[in-house]
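Asks: So that you have it, the file is query-v9.cif, and it contains mmCIF, C-alpha atoms and all ligand atoms:
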data_data
#
loop_
_atom_site.label_atom_id
_atom_site.label_comp_id
_atom_site.auth_asym_id
_atom_site.auth_seq_id
_atom_site.Cartn_x
_atom_site.Cartn_y
_atom_site.Cartn_z
CA MET A 1 -76.96 66.49 137.33
CA PHE A 2 -79.41 63.61 137.51
CA GLY A 3 -80.45 64.54 134.00
CA SER A 4 -76.97 64.00 132.64
CA ILE A 5 -76.56 60.66 134.45
CA PHE A 6 -79.93 59.60 133.16
CA ASN A 7 -79.01 60.68 129.62
CA SER A 8 -75.73 58.83 129.67
CA LEU A 9 -77.45 55.67 130.92
CA GLU A 10 -80.11 56.09 128.30
CA SER A 11 -77.57 56.47 125.52
CA PHE A 12 -76.54 52.87 126.25
CA LEU A 13 -80.03 51.59 125.69
CA ILE A 14 -81.66 53.43 122.82
CA MET A 15 -80.87 54.14 119.22
CA GLN A 16 -78.96 57.43 118.88
CA ASN A 17 -80.33 60.38 116.92
CA PHE A 18 -78.97 60.57 113.39
CA THR A 19 -79.23 62.34 110.04
CA TYR A 20 -78.76 60.16 107.00
CA TYR A 21 -77.97 61.81 103.68
CA ASN A 22 -76.57 59.98 100.69
CA PRO A 23 -77.00 61.52 97.24
CA VAL A 24 -74.88 59.03 95.23
CA ARG A 25 -76.60 57.63 92.13
CA ILE A 26 -75.51 54.01 91.75
CA VAL A 27 -75.49 52.62 88.22
CA PHE A 28 -74.99 48.88 88.70
CA GLY A 29 -74.47 46.04 86.25
CA ARG A 30 -72.88 44.76 83.06
CA ASN A 31 -72.04 47.28 80.33
CA SER A 32 -72.93 50.23 82.53
CA ILE A 33 -69.78 52.20 81.63
CA ALA A 34 -71.59 52.95 78.35
CA ARG A 35 -74.04 55.04 80.42
CA LEU A 36 -71.37 57.71 81.08
CA PRO A 37 -72.61 60.23 78.47
CA ASP A 38 -76.04 60.35 80.17
CA LEU A 39 -74.44 60.98 83.54
CA ILE A 40 -72.14 63.95 82.73
CA ASP A 41 -73.44 67.17 81.16
CA ALA A 42 -72.25 67.55 77.57
CA GLN A 43 -70.58 70.94 78.11
CA LYS A 44 -68.39 69.86 81.05
CA ARG A 45 -64.59 69.89 80.77
CA ILE A 46 -63.70 66.54 82.30
CA LEU A 47 -60.52 65.49 84.09
CA PHE A 48 -60.24 61.70 83.78
CA LEU A 49 -58.14 60.45 86.71
CA TYR A 50 -56.79 56.93 87.03
CA GLY A 51 -54.08 54.83 88.64
CA GLY A 52 -51.02 52.93 87.53
CA GLY A 53 -52.37 51.44 84.35
CA SER A 54 -54.58 48.45 85.25
CA ILE A 55 -57.43 50.09 83.33
CA ARG A 56 -55.32 50.22 80.17
CA LYS A 57 -54.77 46.45 80.35
CA ASN A 58 -58.31 45.34 81.15
CA GLY A 59 -60.19 47.43 78.60
CA VAL A 60 -61.84 49.83 81.08
CA TYR A 61 -59.80 52.77 79.72
CA ASP A 62 -61.04 52.04 76.19
CA GLN A 63 -64.65 51.72 77.39
CA VAL A 64 -64.45 55.12 79.08
CA ARG A 65 -62.81 56.82 76.06
CA GLN A 66 -65.34 55.25 73.75
CA ALA A 67 -68.30 56.31 75.90
CA LEU A 68 -67.00 59.90 76.13
CA GLN A 69 -65.96 60.33 72.51
CA GLY A 70 -66.28 63.94 71.42
CA ARG A 71 -66.25 65.26 75.01
CA ALA A 72 -63.64 67.70 76.33
CA LEU A 73 -61.41 65.27 78.21
CA VAL A 74 -58.03 65.75 79.89
CA GLU A 75 -56.22 62.82 81.54
CA PHE A 76 -54.30 62.49 84.77
CA ALA A 77 -52.68 59.07 85.28
CA GLY A 78 -50.53 57.67 88.07
CA ILE A 79 -52.55 57.98 91.28
CA GLU A 80 -50.84 55.32 93.37
CA PRO A 81 -52.26 52.89 95.97
CA ASN A 82 -52.53 54.89 99.23
CA PRO A 83 -52.77 58.04 97.11
CA ARG A 84 -50.00 60.54 97.73
CA TYR A 85 -50.64 64.18 98.46
CA GLU A 86 -47.61 65.15 96.35
CA THR A 87 -49.10 63.44 93.26
CA LEU A 88 -52.58 64.80 93.86
CA MET A 89 -51.34 68.39 94.07
CA ARG A 90 -50.09 67.96 90.48
CA ALA A 91 -53.63 66.97 89.50
CA VAL A 92 -54.94 70.06 91.32
CA ALA A 93 -52.60 72.28 89.26
CA LEU A 94 -53.68 70.57 86.03
CA ALA A 95 -57.37 70.93 86.87
CA LYS A 96 -56.83 74.67 87.41
CA THR A 97 -54.84 75.34 84.23
CA GLU A 98 -57.26 73.26 82.13
CA LYS A 99 -60.30 74.96 83.70
CA ILE A 100 -61.79 71.59 84.56
CA ASP A 101 -65.33 71.52 85.90
CA PHE A 102 -65.95 67.78 86.36
CA LEU A 103 -63.74 64.98 87.72
CA LEU A 104 -64.13 61.39 86.58
CA ALA A 105 -62.28 58.92 88.83
CA VAL A 106 -61.73 55.47 87.34
CA GLY A 107 -60.12 52.91 89.64
CA GLY A 108 -60.07 51.47 93.15
CA GLY A 109 -60.46 53.26 96.45
CA SER A 110 -57.13 55.05 96.02
CA VAL A 111 -58.11 56.73 92.75
CA LEU A 112 -61.54 57.61 94.12
CA ASP A 113 -60.15 58.99 97.38
CA GLY A 114 -57.40 60.89 95.57
CA SER A 115 -59.96 62.44 93.22
CA LYS A 116 -62.14 63.49 96.16
CA PHE A 117 -59.15 65.31 97.60
CA VAL A 118 -58.46 66.97 94.23
CA ALA A 119 -62.14 68.00 94.05
CA ALA A 120 -61.89 69.67 97.46
CA ALA A 121 -58.40 71.13 97.00
CA VAL A 122 -59.18 72.87 93.67
CA ARG A 123 -61.91 74.91 95.34
CA PHE A 124 -60.20 75.26 98.74
CA ALA A 125 -60.25 78.89 99.90
CA GLY A 126 -57.52 78.52 102.55
CA LYS A 127 -53.77 78.70 101.95
CA ASP A 128 -52.71 75.08 102.16
CA PRO A 129 -55.01 72.21 101.12
CA TRP A 130 -53.08 69.87 103.46
CA ASP A 131 -55.08 71.62 106.21
CA ILE A 132 -58.15 69.69 104.98
CA LEU A 133 -56.42 66.56 106.29
CA ASN A 134 -54.14 67.84 108.98
CA LYS A 135 -56.44 70.39 110.62
CA GLN A 136 -59.78 69.11 109.37
CA ALA A 137 -60.31 72.51 107.70
CA PRO A 138 -63.93 72.62 106.49
CA VAL A 139 -64.58 71.78 102.84
CA ARG A 140 -67.11 74.41 101.76
CA ASP A 141 -67.03 73.68 98.06
CA ALA A 142 -65.69 71.01 95.69
CA LEU A 143 -65.65 70.16 92.00
CA PRO A 144 -68.37 67.68 91.05
CA LEU A 145 -67.08 64.12 90.80
CA GLY A 146 -68.25 60.85 89.21
CA THR A 147 -66.64 57.43 89.54
CA VAL A 148 -66.19 54.12 87.76
CA LEU A 149 -65.19 51.63 90.46
CA THR A 150 -62.76 48.84 89.53
CA LEU A 151 -62.02 47.33 92.97
CA PRO A 152 -64.82 46.64 95.46
CA ALA A 153 -63.48 47.19 98.99
CA THR A 154 -63.48 50.68 100.44
CA GLY A 155 -67.05 51.87 99.89
CA SER A 156 -65.54 55.14 98.63
CA GLU A 157 -67.92 54.98 95.65
CA MET A 158 -70.86 55.73 97.92
CA ASN A 159 -69.44 57.81 100.75
CA GLY A 160 -67.90 61.20 101.41
CA PHE A 161 -64.60 60.00 102.90
CA ALA A 162 -61.05 59.93 101.59
CA VAL A 163 -57.72 58.82 103.04
CA ILE A 164 -54.55 60.49 101.76
CA SER A 165 -50.88 59.75 102.46
CA ARG A 166 -47.99 62.19 102.59
CA ASP A 167 -44.49 60.85 101.99
CA SER A 168 -42.55 63.73 103.50
CA SER A 169 -44.13 63.26 106.93
CA GLN A 170 -45.04 59.53 106.76
CA GLU A 171 -48.66 60.42 107.50
CA LYS A 172 -51.91 58.84 106.36
CA LEU A 173 -54.90 61.02 107.22
CA ALA A 174 -58.63 61.03 106.45
CA PHE A 175 -61.22 63.69 105.78
CA GLY A 176 -64.94 63.55 105.19
CA SER A 177 -67.33 66.01 103.58
CA GLU A 178 -70.77 65.95 102.00
CA LYS A 179 -69.25 68.05 99.19
CA VAL A 180 -67.22 65.12 97.89
CA TYR A 181 -69.96 62.54 97.60
CA PRO A 182 -69.75 61.28 94.02
CA ARG A 183 -72.62 62.48 91.80
CA PHE A 184 -72.73 58.92 90.46
CA SER A 185 -70.78 55.69 90.69
CA ILE A 186 -70.75 53.05 87.98
CA LEU A 187 -70.43 49.52 89.35
CA ASP A 188 -69.88 46.95 86.62
CA PRO A 189 -68.90 43.59 88.18
CA ALA A 190 -67.18 42.58 84.91
CA VAL A 191 -64.33 45.04 85.58
CA THR A 192 -63.27 42.93 88.59
CA GLN A 193 -62.26 40.02 86.32
CA SER A 194 -58.73 41.35 86.00
CA LEU A 195 -58.18 41.74 89.76
CA PRO A 196 -55.39 39.55 91.16
CA ARG A 197 -56.74 37.04 93.70
CA ASP A 198 -55.02 38.87 96.57
CA GLN A 199 -56.82 42.11 95.79
CA VAL A 200 -60.19 40.34 95.91
CA ALA A 201 -59.29 38.68 99.23
CA ASN A 202 -58.21 42.09 100.53
CA GLY A 203 -61.49 43.60 99.39
CA ILE A 204 -63.44 40.97 101.32
CA VAL A 205 -61.38 41.66 104.46
CA ASP A 206 -61.78 45.45 104.17
CA THR A 207 -65.55 45.05 103.74
CA PHE A 208 -65.73 42.65 106.71
CA VAL A 209 -63.85 45.09 108.94
CA HIS A 210 -65.97 48.09 107.87
CA VAL A 211 -68.99 46.19 109.16
CA MET A 212 -67.12 45.35 112.37
CA GLU A 213 -66.18 48.98 113.11
CA GLN A 214 -69.84 49.99 113.00
CA TYR A 215 -71.17 47.00 114.94
CA MET A 216 -68.73 45.81 117.57
CA THR A 217 -69.39 48.28 120.36
CA PHE A 218 -72.25 48.03 122.88
CA PRO A 219 -75.92 47.30 122.25
CA VAL A 220 -78.40 50.05 121.61
CA ASN A 221 -81.87 49.27 120.44
CA ALA A 222 -80.94 48.94 116.76
CA PRO A 223 -82.01 45.43 115.73
CA LEU A 224 -82.42 46.34 112.06
CA GLN A 225 -78.91 47.81 111.73
CA ASP A 226 -77.49 44.80 113.58
CA ARG A 227 -79.17 42.39 111.21
CA GLN A 228 -78.21 44.43 108.14
CA ALA A 229 -74.60 44.24 109.32
CA GLU A 230 -74.84 40.51 110.02
CA ALA A 231 -76.38 39.98 106.57
CA ILE A 232 -73.27 41.45 104.95
CA TRP A 233 -70.97 39.20 107.02
CA LEU A 234 -73.03 36.06 106.41
CA THR A 235 -73.11 36.77 102.69
CA LEU A 236 -69.35 37.28 102.54
CA ILE A 237 -68.61 34.14 104.55
CA GLU A 238 -71.01 32.02 102.51
CA ARG A 239 -69.88 33.34 99.13
CA ALA A 240 -66.15 33.99 99.66
CA PRO A 241 -65.10 30.71 97.98
CA ALA A 242 -67.33 31.42 94.97
CA ILE A 243 -66.19 35.06 94.78
CA LEU A 244 -62.53 33.94 94.73
CA LYS A 245 -63.05 31.02 92.33
CA GLU A 246 -61.33 30.87 88.93
CA PRO A 247 -62.64 31.21 86.27
CA VAL A 248 -64.44 34.27 87.55
CA ASP A 249 -68.18 33.98 88.08
CA LEU A 250 -69.58 37.45 87.35
CA ASP A 251 -72.78 36.81 89.30
CA GLU A 252 -70.69 36.16 92.40
CA ARG A 253 -68.59 39.25 91.71
CA ALA A 254 -71.84 41.24 91.62
CA VAL A 255 -72.68 39.92 95.10
CA TYR A 256 -69.22 40.91 96.34
CA MET A 257 -69.38 44.36 94.75
CA TRP A 258 -72.71 45.23 96.33
CA CYS A 259 -71.62 43.92 99.77
CA ALA A 260 -68.58 46.22 99.68
CA THR A 261 -70.68 49.25 98.80
CA GLN A 262 -73.29 48.51 101.45
CA ALA A 263 -70.68 48.09 104.17
CA LEU A 264 -69.58 51.72 104.10
CA ASN A 265 -72.31 53.91 102.67
CA GLY A 266 -73.41 54.97 106.15
CA LEU A 267 -76.56 52.89 106.33
CA ILE A 268 -75.54 50.23 108.86
CA GLY A 269 -73.92 52.93 110.99
CA CYS A 270 -77.13 54.92 111.48
CA GLY A 271 -77.93 55.51 115.14
CA VAL A 272 -75.30 53.14 116.54
CA PRO A 273 -72.03 53.77 118.39
CA GLN A 274 -68.92 53.07 116.31
CA ASP A 275 -65.29 52.20 117.00
CA TRP A 276 -62.73 52.83 114.23
CA THR A 277 -59.70 51.85 116.32
CA THR A 278 -58.66 49.07 113.94
CA HIS A 279 -58.59 51.46 110.98
CA GLN A 280 -56.77 54.15 112.97
CA ILE A 281 -53.98 51.77 113.99
CA GLY A 282 -54.01 50.07 110.57
CA HIS A 283 -53.38 53.41 108.83
CA GLU A 284 -50.26 53.85 110.95
CA LEU A 285 -48.99 50.38 109.97
CA THR A 286 -49.46 51.43 106.35
CA ALA A 287 -47.71 54.76 106.92
CA PHE A 288 -44.71 53.25 108.75
CA TYR A 289 -44.36 49.79 107.19
CA GLY A 290 -46.08 50.14 103.80
CA ILE A 291 -48.47 47.27 104.59
CA ALA A 292 -51.53 47.52 102.29
CA HIS A 293 -54.80 48.67 103.80
CA ALA A 294 -56.76 45.42 104.22
CA PRO A 295 -53.77 43.35 105.41
CA SER A 296 -53.13 46.01 108.06
CA LEU A 297 -56.70 45.50 109.30
CA ALA A 298 -56.35 41.71 109.35
CA LEU A 299 -53.35 42.15 111.66
CA VAL A 300 -54.94 44.67 113.99
CA LEU A 301 -58.59 43.63 114.34
CA PRO A 302 -58.11 40.37 116.29
CA ALA A 303 -55.81 42.20 118.72
CA VAL A 304 -58.28 45.05 119.22
CA LEU A 305 -61.09 42.57 119.88
CA ARG A 306 -58.98 40.64 122.35
CA SER A 307 -57.94 43.77 124.17
CA GLN A 308 -61.52 45.13 124.31
CA ARG A 309 -63.20 41.76 124.79
CA ASP A 310 -64.91 42.59 128.07
CA ARG A 311 -65.98 46.10 126.98
CA LYS A 312 -67.61 44.61 123.89
CA LYS A 313 -68.90 41.37 125.38
CA GLU A 314 -72.61 41.73 124.58
CA LYS A 315 -72.07 42.49 120.90
CA LEU A 316 -69.21 40.00 120.64
CA HIS A 317 -71.51 37.33 122.00
CA GLN A 318 -74.31 38.29 119.59
CA TYR A 319 -71.83 38.23 116.69
CA GLY A 320 -70.45 34.83 117.72
CA GLU A 321 -73.90 33.33 117.99
CA ARG A 322 -75.52 34.81 114.91
CA VAL A 323 -72.55 34.79 112.53
CA TRP A 324 -70.47 31.80 113.66
CA GLY A 325 -73.19 29.69 115.34
CA ILE A 326 -71.48 29.67 118.77
CA ARG A 327 -74.14 28.58 121.26
CA GLU A 328 -72.08 28.63 124.48
CA THR A 329 -71.74 31.68 126.70
CA GLY A 330 -68.77 32.93 128.73
CA THR A 331 -65.26 34.07 128.01
CA ASP A 332 -64.30 31.04 125.92
CA SER A 333 -67.15 31.69 123.53
CA LEU A 334 -66.00 35.31 123.07
CA ASP A 335 -62.48 34.09 122.31
CA ALA A 336 -63.95 31.58 119.88
CA ALA A 337 -65.73 34.38 117.98
CA ILE A 338 -62.41 36.25 117.67
CA ASP A 339 -60.61 33.07 116.54
CA HIS A 340 -63.25 32.44 113.87
CA THR A 341 -62.72 35.96 112.55
CA ARG A 342 -58.94 35.57 112.37
CA ASP A 343 -59.28 32.09 110.80
CA PHE A 344 -61.64 33.53 108.17
CA PHE A 345 -59.03 36.10 107.14
CA GLU A 346 -56.37 33.37 107.04
CA SER A 347 -58.65 31.14 104.95
CA LEU A 348 -58.71 33.92 102.35
CA GLY A 349 -54.91 33.91 102.32
CA VAL A 350 -54.48 37.25 104.10
CA PRO A 351 -51.65 37.12 106.68
CA VAL A 352 -52.63 37.75 110.29
CA ARG A 353 -49.22 38.09 111.95
CA LEU A 354 -46.58 40.78 111.62
CA LYS A 355 -43.87 38.14 111.27
CA ASP A 356 -45.64 36.89 108.10
CA TYR A 357 -44.25 40.10 106.55
CA ASN A 358 -40.76 39.64 108.01
CA ILE A 359 -41.28 42.88 109.87
CA THR A 360 -40.29 43.67 113.45
CA ASP A 361 -41.76 46.00 116.04
CA ARG A 362 -39.19 48.76 115.31
CA HIS A 363 -41.75 51.51 114.60
CA PHE A 364 -44.14 50.71 117.44
CA SER A 365 -42.89 53.44 119.75
CA ALA A 366 -43.15 56.08 116.98
CA ILE A 367 -46.74 54.98 116.34
CA VAL A 368 -47.62 55.15 120.02
CA ASP A 369 -46.00 58.61 120.27
CA ARG A 370 -48.15 59.79 117.43
CA PHE A 371 -51.38 58.74 119.17
CA SER A 372 -50.08 60.31 122.36
CA GLN A 373 -49.23 63.65 120.65
CA ARG A 374 -52.64 63.76 119.02
CA GLY A 375 -54.21 63.13 122.42
CA SER A 376 -56.25 60.39 120.74
CA LYS A 377 -58.92 58.67 122.77
CA LEU A 378 -60.10 55.86 120.57
CA GLY A 379 -62.96 53.43 120.98
CA GLU A 380 -66.70 53.79 121.51
CA HIS A 381 -66.07 54.89 125.10
CA GLY A 382 -63.11 57.12 124.21
CA ASP A 383 -60.94 55.15 126.60
CA ILE A 384 -58.35 53.55 124.32
CA SER A 385 -55.31 55.65 125.20
CA SER A 386 -51.87 55.55 123.60
CA GLU A 387 -50.80 53.11 126.36
CA LYS A 388 -53.60 50.79 125.30
CA VAL A 389 -52.52 51.17 121.66
CA ALA A 390 -49.06 50.05 122.76
CA GLU A 391 -50.58 46.91 124.31
CA ILE A 392 -52.59 46.20 121.15
CA LEU A 393 -49.47 46.56 119.00
CA GLN A 394 -47.56 44.16 121.26
CA MET A 395 -50.32 41.59 120.67
CA ILE A 396 -49.64 41.54 116.92
CA ALA A 397 -45.82 41.50 117.16
O1 LIG B 401 -53.31 51.66 90.09
P1 LIG B 401 -53.88 50.61 89.22
O2 LIG B 401 -53.03 50.27 88.07
O3 LIG B 401 -55.29 50.89 88.82
O4 LIG B 401 -53.90 49.24 90.08
C1 LIG B 401 -54.63 49.06 91.27
C2 LIG B 401 -53.73 49.05 92.51
O5 LIG B 401 -52.43 48.63 92.20
C3 LIG B 401 -55.20 47.67 91.28
N1 LIG B 401 -56.51 47.55 90.62
C4 LIG B 401 -57.63 48.28 90.86
N2 LIG B 401 -58.65 47.82 90.09
C5 LIG B 401 -58.14 46.79 89.35
C6 LIG B 401 -56.78 46.63 89.70
N3 LIG B 401 -56.00 45.68 89.11
C7 LIG B 401 -56.58 44.89 88.20
N4 LIG B 401 -57.89 44.97 87.86
C8 LIG B 401 -58.70 45.91 88.41
N5 LIG B 401 -60.00 45.95 88.08
O6 LIG B 401 -55.36 47.34 92.65
C9 LIG B 401 -54.33 48.00 93.40
C10 LIG B 401 -54.90 48.54 94.69
O7 LIG B 401 -55.82 49.57 94.40
P2 LIG B 401 -56.34 50.56 95.54
O8 LIG B 401 -57.26 51.53 94.91
O9 LIG B 401 -55.18 51.10 96.30
O10 LIG B 401 -57.11 49.56 96.53
P3 LIG B 401 -58.37 49.81 97.44
O11 LIG B 401 -59.59 49.92 96.63
O12 LIG B 401 -58.30 48.75 98.45
O13 LIG B 401 -58.13 51.24 98.11
C11 LIG B 401 -57.29 51.39 99.24
C12 LIG B 401 -57.27 52.83 99.71
O14 LIG B 401 -58.58 53.25 100.16
C13 LIG B 401 -58.50 53.76 101.49
C14 LIG B 401 -57.34 52.98 102.06
O15 LIG B 401 -56.82 53.57 103.22
C15 LIG B 401 -56.36 52.99 100.92
O16 LIG B 401 -55.64 54.21 100.86
N6 LIG B 401 -59.79 53.63 102.18
C16 LIG B 401 -60.78 54.47 101.84
C17 LIG B 401 -61.99 54.48 102.50
C18 LIG B 401 -63.08 55.40 102.12
N7 LIG B 401 -62.88 56.29 101.17
O17 LIG B 401 -64.17 55.36 102.70
C19 LIG B 401 -62.25 53.59 103.64
C20 LIG B 401 -61.31 52.45 103.71
O18 LIG B 401 -61.35 51.96 105.03
C21 LIG B 401 -59.90 52.78 103.34
O19 LIG B 401 -59.25 53.41 104.43
ZN ZN B 402 -61.08 50.05 105.24
#
Output the file's structure as structure tokens, nothing else.
Ligand code: NZQ
Ligand code: ZN

Replies:
Amino acid sequence: MFGSIFNSLESFLIMQNFTYYNPVRIVFGRNSIARLPDLIDAQKRILFLYGGGSIRKNGVYDQVRQALQGRALVEFAGIEPNPRYETLMRAVALAKTEKIDFLLAVGGGSVLDGSKFVAAAVRFAGKDPWDILNKQAPVRDALPLGTVLTLPATGSEMNGFAVISRDSSQEKLAFGSEKVYPRFSILDPAVTQSLPRDQVANGIVDTFVHVMEQYMTFPVNAPLQDRQAEAIWLTLIERAPAILKEPVDLDERAVYMWCATQALNGLIGCGVPQDWTTHQIGHELTAFYGIAHAPSLALVLPAVLRSQRDRKKEKLHQYGERVWGIRETGTDSLDAAIDHTRDFFESLGVPVRLKDYNITDRHFSAIVDRFSQRGSKLGEHGDISSEKVAEILQMIA
């Protein structure tokens, strides 16, 4: 008995045990799409998956076709933002009939995530691939996958996660597996030139919040991870105006691209407690209201921090001091750190209030019911119940 009390006290003070594995080969820089032939075996039958057509307008499609001239290549277009299960199952059928043995995902997080699901679903031994998301059925095998990233934000290019939406049940669910780590990801900052300003602002917010979910808990002895996380925030805050500037400065886009990858490739999360409450609630706002991923986080994060302010006070204080230069201590300084965060999102032009979308609280009770049915206990202490979620939602109304 004393042992378990001692262990639980200790777990608040020392870095947690961890295994870090990340096999993704990153090919970074200008003209790197031309490297594709070296990265995919010549005999592979490739399924080239992409989204709604941005790559046809900005020349990325042509660069990929040119690089893979003479290769066996089948295309699947039309993976939508918040990739839909219904669409992806059509890609699964195509991959099977065409006897595909390599997937090439070219696009933003949605195309990459969708392709990860296709990779897992094609080789899924169970009856219904939806179980991978709904029941967390284990992914024992997957088609190999490579990516060309066109929107820095999600970190999907260097992690084993994917988030998939299903229209028929208004669900947005995640899965993770080592089997769907990309074999390689090509990161050419030049492809971001065609991004609308809002998508870049969203990418900065998503990156910022990924760092937050892995940092804003309670202190363990992990000074390196803390400072790696703070380095990503400080870089984003310092460079955001230059990243968003027109005409596009490709050197600044390179900075942005690498920040986004580093924020969710698992490194800063090694050995530290995490709290993905903002993402969990944000996914429900996307599922019920259609709010895009990063804007959903900009709405939810300040409310989560306010609601958990006292539980997170040590890290919130450290964040306020090191990232925003707040020297004072006490409750006001914690509120100031939260205000700075919200103001930063607003300064990028990302709305921080539900009414900015002309949306009411009509789906809140359905969202709360969902957390209640799942028996979710969110937060680093597992104590954010569905009642607490209801309070958080009221704070953003
Ligand atoms: O579909 P196309 O025509 O390509 O247009 C896309 C889309 O409309 C466009 N776009 C992408 N690259 C472009 C471009 N437009 C012009 N120039 C370019 N270079 O941008 C739009 C949004 O794309 P999308 O892929 O949906 O955005 P994002 O990268 O933000 O991905 C969001 C999805 O990723 C999930 C989110 O939940 C959401 O479903 N996430 C995945 C994570 C992961 N795998 O680890 C973690 C994240 O927290 C997140 O949950
Ligand atoms: Zn995210």

Asks: Quick one, how far is CA of Asp41 in chain A from CA of Asp188 in chain A?

Replies: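 Distance reported for this atom pair: 21.2 Å.
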
Asks: Name the residues, by chain letter and number, that sit within 6 Å of ligand ZN 402 (chain B) using only C-alpha atoms and all ligand atoms, and give them as a list in words.

Replies: Thr154, Asp206 and His210 of chain A

Asks: Within 10 Å of range 88-98 of chain A, counting all atoms listed in the file, which residues show up once you throw out same-chain ones fewer than 5 positions away? Write them as a ChimeraX atom specification, please.

Replies: /A:45-47,49,73-80,83,103,111,114-123,129-130,143,164

Asks: Those same residues - C-alpha atoms - I'd like them written as a PDB file, in the frame of the given file.

Replies:
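To be explicit, this is the file written out as out.pdb:
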ATOM      1  CA  ARG A  45     -64.590  69.890  80.770  1.00  0.00           C
ATOM      2  CA  ILE A  46     -63.700  66.540  82.300  1.00  0.00           C
ATOM      3  CA  LEU A  47     -60.520  65.490  84.090  1.00  0.00           C
ATOM      4  CA  LEU A  49     -58.140  60.450  86.710  1.00  0.00           C
ATOM      5  CA  LEU A  73     -61.410  65.270  78.210  1.00  0.00           C
ATOM      6  CA  VAL A  74     -58.030  65.750  79.890  1.00  0.00           C
ATOM      7  CA  GLU A  75     -56.220  62.820  81.540  1.00  0.00           C
ATOM      8  CA  PHE A  76     -54.300  62.490  84.770  1.00  0.00           C
ATOM      9  CA  ALA A  77     -52.680  59.070  85.280  1.00  0.00           C
ATOM     10  CA  GLY A  78     -50.530  57.670  88.070  1.00  0.00           C
ATOM     11  CA  ILE A  79     -52.550  57.980  91.280  1.00  0.00           C
ATOM     12  CA  GLU A  80     -50.840  55.320  93.370  1.00  0.00           C
ATOM     13  CA  PRO A  83     -52.770  58.040  97.110  1.00  0.00           C
ATOM     14  CA  LEU A 103     -63.740  64.980  87.720  1.00  0.00           C
ATOM     15  CA  VAL A 111     -58.110  56.730  92.750  1.00  0.00           C
ATOM     16  CA  GLY A 114     -57.400  60.890  95.570  1.00  0.00           C
ATOM     17  CA  SER A 115     -59.960  62.440  93.220  1.00  0.00           C
ATOM     18  CA  LYS A 116     -62.140  63.490  96.160  1.00  0.00           C
ATOM     19  CA  PHE A 117     -59.150  65.310  97.600  1.00  0.00           C
ATOM     20  CA  VAL A 118     -58.460  66.970  94.230  1.00  0.00           C
ATOM     21  CA  ALA A 119     -62.140  68.000  94.050  1.00  0.00           C
ATOM     22  CA  ALA A 120     -61.890  69.670  97.460  1.00  0.00           C
ATOM     23  CA  ALA A 121     -58.400  71.130  97.000  1.00  0.00           C
ATOM     24  CA  VAL A 122     -59.180  72.870  93.670  1.00  0.00           C
ATOM     25  CA  ARG A 123     -61.910  74.910  95.340  1.00  0.00           C
ATOM     26  CA  PRO A 129     -55.010  72.210 101.120  1.00  0.00           C
ATOM     27  CA  TRP A 130     -53.080  69.870 103.460  1.00  0.00           C
ATOM     28  CA  LEU A 143     -65.650  70.160  92.000  1.00  0.00           C
ATOM     29  CA  ILE A 164     -54.550  60.490 101.760  1.00  0.00           C
TER      30      ILE A 164
END

Asks: List all protein, DNA and RNA residues that have an atom no more than 8 Å from any atom of ligand LIG 401 (chain B), counting only C-alpha atoms and all ligand atoms, and report them as a PyMOL selection string.

Replies: chain A and resi 50-55+58+78-83+107-113+149-157+159-165+172+174+191-196+199+202-203+206+210+264+279+283+292-294

Asks: CA of Gln262 in chain A and CA of Thr341 in chain A are how many Å apart?

Replies: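 If I compute the distance from CA of Gln262 in chain A to CA of Thr341 in chain A, I get 19.8 Å.
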
Asks: Using all atoms listed in the file, which residues sit within 10 Å of Gly379 in chain A once same-chain residues fewer than 3 positions away are excluded, as a PyMOL selection string?

Replies: chain A and resi 213+217+273-278+304+308+311+376+382-385

Asks: Would you list the contacts of Ala34 in chain A as a VMD selection string, taking every protein, DNA or RNA residue within 12 Å and counting all atoms listed in the file, but skipping same-chain residues closer than 5 positions in sequence?

Replies: chain A and resid 27 to 29 39 to 40 60 to 69 148 186 to 188

Asks: Measure the distance from CA of Ile281 in chain A to CA of Val205 in chain A in Å and round it to one decimal.

Replies: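 For CA of Ile281 in chain A relative to CA of Val205 in chain A, the distance reads 15.7 Å.
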
Asks: Let me make sure I understand: among A:Met158, A:Val220, A:Ile359, A:Ala72, which one has the smallest atom-to-atom distance to Gly290 in chain A if we use all atoms listed in the file?

Replies: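 Of A:Met158, A:Val220, A:Ile359, A:Ala72, the one nearest Gly290 in chain A is A:Ile359, counting all atoms listed in the file.
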
Asks: Skip His340 in chain A itself and residues of its chain fewer than 5 positions away, then list as a ChimeraX atom specification all residues within 10 Å of it, counting only C-alpha atoms.

Replies: /A:302,320,323-324,326,335,345-346
